[in-house]
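Notes follow the structure.
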Amino acid sequence: MHRSSKSLARLTAVIYLHSVRTWRYKYSFINSSINTMLWITIFLLGVIMFVPSRELPVVAPQVFWGITVWNIITYTVVYISGWTTWFLVSMGLVEEHILHGLDLPALLAGRLVTVLAESAIAVPLVYFVLRGVAGPMKLVDSVGLLFYGLATAEAMALGYALILATLALRLSIPGPMLDITNFILFVIGGIAAPVARLPAPLRVVAILTPYSHAAEIVRYAATRTMPYLGLLAEVLISGALAIAMPAAAYIFYRFVEKHYLRRYGVRGVGRM
Amino acid sequence: MPSSFFDVVAAEFYAYTRFYKNNRAMMIAAFIWPYLMVLILLGLGYLFGSLSQYAVRMGVRNPVFFIVSASTVAMSSTFIVDEVANYTLYNRWNGTLSYILLTPMRLPKQLLAASIPSTLISPAISVTSALPVALYFEGLRGAAIIAALYAVIVLGMIPLAGLSVLIAGLVLTVREETNIANSITPFLLLVSGVFYPVAILPKALQLIAIAVPVKYVVDIARAIASTGTFSHEVFLAIYALTFMAFTYNALVAPLLGAIEEKVKRYAPF
Amino acid sequence: MPGAIEAYGLVKRYVTWKRKGLLRRRKRSVEALRGVSFSTQWGEVFGLLGPNGAGKTTTVKILSTLLLPDEGSARVAGYDVVDEAVLVRDSIGVVLSVERGFFWKLTGRENLRYFGMLRGLRGKELEERVSRVLRLVGLEELGAADKLYEEYSLGMKARLALARALLHDPRVLILDEPTLGLDPVSARRIRELVVRLAHEEKRAVLITTHNMFEAEMICDRVAIIDEGVIKAIGSPRELKAKIAHSVPIIIRFRGDKSPEIAEKALRAGLEVLGLSVKPIEEGYVARILVRSGEDEEALSRAIEILARLGFSIRSVEVSRPSLEDVFVALTSRKSEA
Ligand SMILES: Nc1ncnc2c1ncn2[C@@H]1O[C@H](COP(=O)(O)OP(=O)(O)O)[C@@H](O)[C@H]1O
Ligand SMILES: [Mg+2]
């Protein structure tokens, strides 16, 4: 069999698998979209209590896109790393995939099918809520840049998620710990709010947070809010991170597979 | 050997405390969670607006303490609804559900008994995590406020007991990966207005809120966290909760038998 | 043609950590394999027999490239399991577990389709292969091919696992306890298929089991492994010949005392070649292997010993050596009852 046609067959397999699973678990992910949307709304309404009424039209689109980027990142991480720990390992599927010649990162990346389906439901719902509270708003200025920003954010999240998933093959990482870093970075890491709005010391944190660079591009594409580091710099940094993070994750996985999985065996993890 | 309601409660109490003992990370997470909520709200509020604006709109004198206590309410006032379903799901994944169903007790009673310990312990952990803030701002009175908050949260969950079992039954019959009804809890919180006045919600949601027990928990929490006294509104809210505790559970009771039968017919183990 | 499976001096140590207090852990090393060598032929069903924890699964995982050996080497279908892992994976069909390893919310057919695609199969060829293996293992006739995996009985799950192992038409099959816990019908179907695949289609089959009856029935040759060491290799008949000079005495008894006490007393009071005491439905069964010619005396002594301990004898039988007796004679470990 030719290598390329084999890769194509594998790609088809992964997309097939995740599409069927997403459909069969539809209630779960529809519920989860609604759940997310409701929690976001609760906080959104809380935050709006802080904002003077006249500033709402400017703040609302920024808040919306901050939440959208966060939603994509969070679900990528939760769906991919959580699935590895609780499902793949305990169902004996890690070894089956190694036997069938599919690298685990490729299988896991297929979970993006589910992530995107969930965001496709949750994000519009959040928009409607926000519009109900803040009135109509202009959401997009440059479609191309918006797409670029979202795609690079997704790629970075994928890399991070794959690293956590790989760790989860050997260690038991408590899921809630992931949530904690994730919420903290949302607020202080330049995802929720423009980096320029942060107090000076936090700007350093934000610049060190990979996602902030993608979020800055998204905000620029939506509301022409100039990125703190300038647009060109952010485009370059985001692009580099979007390639580097998944690549690093893949190399890390290969290392773990060779030096841990094939040496000590795949471990069942944690309670559950 | 026939096991009583209290045997099951005791057994679950043991299992639950062991779980935390062997899972320190979970314990730490339970303490940190309310602060994460505070961080998000205060952090974003500060970045996009101002604290004084919030204090004025909410009519509270200490917005930080208010947000801390509101977060514990948000964390735990609907805990029972998810807990009963999650307990059921967890045991199904674990393969222990069939053994649990073998205990000689009706399913609804069984599920409720099993979730009582966590329903009491988990909010206790949440409110305890707010204690340092309460002591800092309000001194000893703060501790009394926290204790009252805990009592109100637990009282507020009693009307939801029947509903919790209904949802657990539903989750069992649908056979999916996760609790497919867990968006009910944020909905209850949303209409109850933990962090904002219910008045900003659409009229329809405000009407629904009247029938939601959590709203009264939030009202009481807001009153005691912002004034530290028991006004007559507080007593009214307590009456409302007591009334709901009886009527809601009485309304749901006839459905429980049907759910039990359906669960056993689907045999989802 | 190269040998089907060749293992030379395989050694495997697992590292485990024992918790000591909050943070301290102590490293411990478990020697799962201590120099395992054997080879199997094309067209033969080769059985790896051993009690729980003997090292069967570890051997299977090394041969199927999932684990790296610490020492020694192995070739499967002519390829080295360490250096040519990808080629090995293309040549083998593996059953690792009869109850896991599939997606719950996919039907049997969809699961196979997915794993087939991962092997590079596509289109009409894929559909044909999937249907063929579903028929072969009898899932089609059970009407289970298009049921969700989560609705499968254990027997169906095991059949699906075997179907997947056959999907890409591998020349070597490596099956780890493929009949564990199955109903008789499913177990028989799998055994028949395994024998046919080896004898008629000239594939090589390595099957592990701790069921002696099964091994005697389907294996052309067996290796007995215990505590990571191969104790004997040969056809069931050859192995039985090794203990031809001995006779198994089978005593069923019951009582309140623990079976360990019975076992100890029997070992002390008799000159045994092998001994196992296992719990059965009512009470226990002792399998005592003694030299032929000494069986009558040994029998009365054994009854006396058990009676003195307060056990009551339910039945007594002097039998002919079976593979089980070879096993009892070779596995040094005390019974795990
Ligand atoms: N991943 C692992 N980590 C540590 N010890 C293991 C691991 N897998 C197996 N062992 C140990 O290695 C020994 C052999 O196990 P295994 O090969 O599974 O035996 P079998 O399949 O014959 O029952 C046992 O003592 C078992 O406890
Ligand atoms: Mg085994």
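To be explicit about the labels: the chains of the structure tokens are called A, B, and onward in the order shown, and within each one the residues are counted from 1, while ligands get numbers from 1 in the order they are shown.
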Test item: residues at most 10 Å from segment 287-304 of chain C, only C-alpha atoms, excluding those fewer than 3 positions along its chain, as JSON, numbers by chain | {"C": [243, 244, 245, 246, 247, 248, 249, 250, 251, 252, 253, 262, 263, 265, 266, 267, 269, 270, 271, 272, 273, 274, 275, 276, 277, 278, 284, 307, 308, 309, 310, 311, 312, 313, 316, 317, 318, 319, 321, 324, 325, 326, 328, 329]}
Within 7 Å of Ala237 of chain B using only C-alpha atoms, minus same-chain residues under 4 positions, as an NGL selection string | :B and (216 or 220 or 233 or 241)
Saved selection, atoms kept: N, CA and C atoms, as a PDB file, in the first residue's frame:
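As written to disk, selection-v1.pdb reads:
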```
ATOM      1  N   TYR B 216     -34.733  32.230  46.250  1.00  0.00           N
ATOM      2  CA  TYR B 216     -34.924  32.644  47.643  1.00  0.00           C
ATOM      3  C   TYR B 216     -33.634  32.474  48.432  1.00  0.00           C
ATOM      4  N   ILE B 220     -31.925  35.564  50.363  1.00  0.00           N
ATOM      5  CA  ILE B 220     -31.507  35.543  51.767  1.00  0.00           C
ATOM      6  C   ILE B 220     -30.015  35.826  51.871  1.00  0.00           C
ATOM      7  N   GLU B 233     -37.937  40.137  55.257  1.00  0.00           N
ATOM      8  CA  GLU B 233     -37.836  39.498  53.929  1.00  0.00           C
ATOM      9  C   GLU B 233     -37.210  38.113  54.041  1.00  0.00           C
ATOM     10  N   LEU B 241     -39.402  28.768  50.969  1.00  0.00           N
ATOM     11  CA  LEU B 241     -38.609  27.552  50.759  1.00  0.00           C
ATOM     12  C   LEU B 241     -39.270  26.343  51.422  1.00  0.00           C
TER      13      LEU B 241
END
```
Could you tell me, counting only C-alpha atoms and all ligand atoms, which protein and nucleic acid residues lie no more than 12 Å from ligand 2, written as a ChimeraX atom specification?
-> /C:32,48-61,95-98,175-178,180,207-210,225
Interface, chain C side, toward chain A (8 Å; only C-alpha atoms) as a list in words = Tyr14, Val15, Ser64, Thr65, Leu66, Leu67, Leu68, Pro69, Val86, Arg89, Arg100, Gly101, Phe102, Lys105, Leu106, Tyr114, Phe115, Met117, Leu118, Arg119, Gly120, Leu121 and Arg122 of chain C
Output file for the selection above: C-alpha atoms, as an mmCIF file, in the first residue's frame:
```cif
data_model
loop_
_atom_site.group_PDB
_atom_site.id
_atom_site.type_symbol
_atom_site.label_atom_id
_atom_site.label_comp_id
_atom_site.auth_asym_id
_atom_site.auth_seq_id
_atom_site.Cartn_x
_atom_site.Cartn_y
_atom_site.Cartn_z
ATOM 1 C CA TYR C 14 8.240 -3.686 35.443
ATOM 2 C CA VAL C 15 8.924 -0.767 37.688
ATOM 3 C CA SER C 64 3.068 -7.606 19.316
ATOM 4 C CA THR C 65 5.524 -4.653 19.701
ATOM 5 C CA LEU C 66 3.579 -2.941 22.473
ATOM 6 C CA LEU C 67 6.320 -3.470 25.047
ATOM 7 C CA LEU C 68 10.065 -3.410 24.652
ATOM 8 C CA PRO C 69 11.961 -6.313 26.204
ATOM 9 C CA VAL C 86 5.859 -1.435 11.843
ATOM 10 C CA ARG C 89 2.295 -4.832 13.158
ATOM 11 C CA ARG C 100 -12.318 -3.834 25.897
ATOM 12 C CA GLY C 101 -10.692 -2.064 23.005
ATOM 13 C CA PHE C 102 -13.697 -0.856 21.010
ATOM 14 C CA LYS C 105 -21.302 4.013 20.609
ATOM 15 C CA LEU C 106 -20.268 2.410 17.325
ATOM 16 C CA TYR C 114 -12.852 2.176 11.413
ATOM 17 C CA PHE C 115 -10.010 -0.169 12.311
ATOM 18 C CA MET C 117 -9.491 2.119 7.447
ATOM 19 C CA LEU C 118 -6.608 2.574 9.867
ATOM 20 C CA ARG C 119 -5.010 -0.421 8.172
ATOM 21 C CA GLY C 120 -5.345 1.391 4.872
ATOM 22 C CA LEU C 121 -8.396 -0.499 3.542
ATOM 23 C CA ARG C 122 -10.967 1.484 1.629
#
```
Proximal residues of chain A relative to chain B (only C-alpha atoms; 8 Å) as a PyMOL selection string | chain A and resi 25+27-29+31-32+34-35+38-39+41-43+45-52+59+174+176-177+180+183-184+187-188+192-193+197-198+272
Emit the selected residues as a tab-separated table (two decimals), in the first residue's frame, including C-alpha atoms.
```tsv
chain	number	residue	atom	x	y	z
A	25	TYR	CA	-23.50	11.45	21.82
A	27	TYR	CA	-27.48	15.00	23.72
A	28	SER	CA	-24.28	15.18	25.71
A	29	PHE	CA	-22.67	17.81	23.60
A	31	ASN	CA	-26.34	19.87	26.72
A	32	SER	CA	-22.76	20.82	27.25
A	34	ILE	CA	-26.14	24.98	26.57
A	35	ASN	CA	-24.47	24.51	29.92
A	38	LEU	CA	-25.69	29.55	30.56
A	39	TRP	CA	-22.62	29.84	32.77
A	41	THR	CA	-24.36	34.35	30.56
A	42	ILE	CA	-24.38	34.32	34.35
A	43	PHE	CA	-20.90	35.83	34.46
A	45	LEU	CA	-24.54	39.67	33.33
A	46	GLY	CA	-22.44	39.97	36.48
A	47	VAL	CA	-19.61	41.73	34.63
A	48	ILE	CA	-22.00	44.10	32.91
A	49	MET	CA	-23.06	45.35	36.33
A	50	PHE	CA	-19.56	46.86	36.58
A	51	VAL	CA	-19.64	48.62	33.22
A	52	PRO	CA	-20.98	52.16	32.84
A	59	VAL	CA	-16.89	46.63	25.50
A	174	PRO	CA	-6.73	16.07	38.39
A	176	PRO	CA	-10.01	20.54	38.05
A	177	MET	CA	-6.40	21.69	38.07
A	180	ILE	CA	-7.91	26.53	37.36
A	183	PHE	CA	-9.69	30.49	34.22
A	184	ILE	CA	-6.77	32.43	35.62
A	187	VAL	CA	-8.62	36.92	33.10
A	188	ILE	CA	-4.98	37.86	33.51
A	192	ALA	CA	-10.66	38.13	27.93
A	193	ALA	CA	-9.49	41.72	27.70
A	197	ARG	CA	-6.05	47.33	29.24
A	198	LEU	CA	-4.18	45.15	31.74
A	272	MET	CA	-13.09	6.15	37.74
```
Kindly provide, as JSON, numbers by chain, the residues of chain C having any atom no farther than 10 Å from an atom of chain B, counting only C-alpha atoms.
-> {"C": [104, 105, 150, 151]}
Residues of the last selection are to be written out with all heavy atoms, as a compact mmCIF listing (two decimals), in the first residue's frame.
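The file below, out_37.txt, is the result:
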```txt
# COMPACT_ATOMS: atom_id res chain seq x y z
N TRP C 104 -17.78 2.28 22.29
CA TRP C 104 -19.10 1.86 22.76
C TRP C 104 -20.24 2.26 21.86
O TRP C 104 -21.21 1.54 21.70
CB TRP C 104 -19.39 2.47 24.13
CG TRP C 104 -18.61 1.85 25.24
CD1 TRP C 104 -17.51 1.06 25.12
CD2 TRP C 104 -18.88 1.98 26.63
NE1 TRP C 104 -17.09 0.69 26.36
CE2 TRP C 104 -17.90 1.24 27.30
CE3 TRP C 104 -19.86 2.66 27.36
CZ2 TRP C 104 -17.87 1.16 28.68
CZ3 TRP C 104 -19.83 2.56 28.74
CH2 TRP C 104 -18.84 1.82 29.39
N LYS C 105 -20.15 3.47 21.35
CA LYS C 105 -21.30 4.01 20.61
C LYS C 105 -21.21 3.74 19.11
O LYS C 105 -21.89 4.38 18.32
CB LYS C 105 -21.42 5.52 20.84
CG LYS C 105 -22.04 5.88 22.17
CD LYS C 105 -23.55 5.78 22.14
CE LYS C 105 -24.11 6.15 23.51
NZ LYS C 105 -25.45 5.67 23.74
N GLU C 150 -21.87 -1.35 22.87
CA GLU C 150 -22.24 -1.32 24.29
C GLU C 150 -23.37 -2.30 24.60
O GLU C 150 -23.61 -2.62 25.75
CB GLU C 150 -22.63 0.10 24.73
CG GLU C 150 -23.89 0.63 24.08
CD GLU C 150 -24.28 2.02 24.59
OE1 GLU C 150 -23.56 2.58 25.41
OE2 GLU C 150 -25.32 2.52 24.15
N GLU C 151 -24.04 -2.78 23.56
CA GLU C 151 -25.12 -3.74 23.80
C GLU C 151 -24.65 -5.19 23.67
O GLU C 151 -25.45 -6.12 23.82
CB GLU C 151 -26.27 -3.48 22.82
CG GLU C 151 -26.97 -2.14 23.07
CD GLU C 151 -27.90 -1.72 21.93
OE1 GLU C 151 -27.99 -2.46 20.92
OE2 GLU C 151 -28.50 -0.65 22.06
```
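Across the model, the gap from atom CA of Asn86 of chain B to atom CA of Ser119 of chain A is 23.9 Å.
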Which of segment 13-259 of chain B fall in alpha helix (DSSP H), as a count of residues only = 203
Nearest-residue call for Val217 of chain B, choices B:Phe137, B:Tyr150, B:Tyr248, B:Tyr14, using only C-alpha atoms = B:Tyr150
Selected residue, from B:Val152, B:Ala225, B:Ala15, B:Ala143, that lies nearest to Ser118 of chain B when counting only C-alpha atoms =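 The shortest atom-to-atom distance to Ser118 of chain B comes from B:Ala15.
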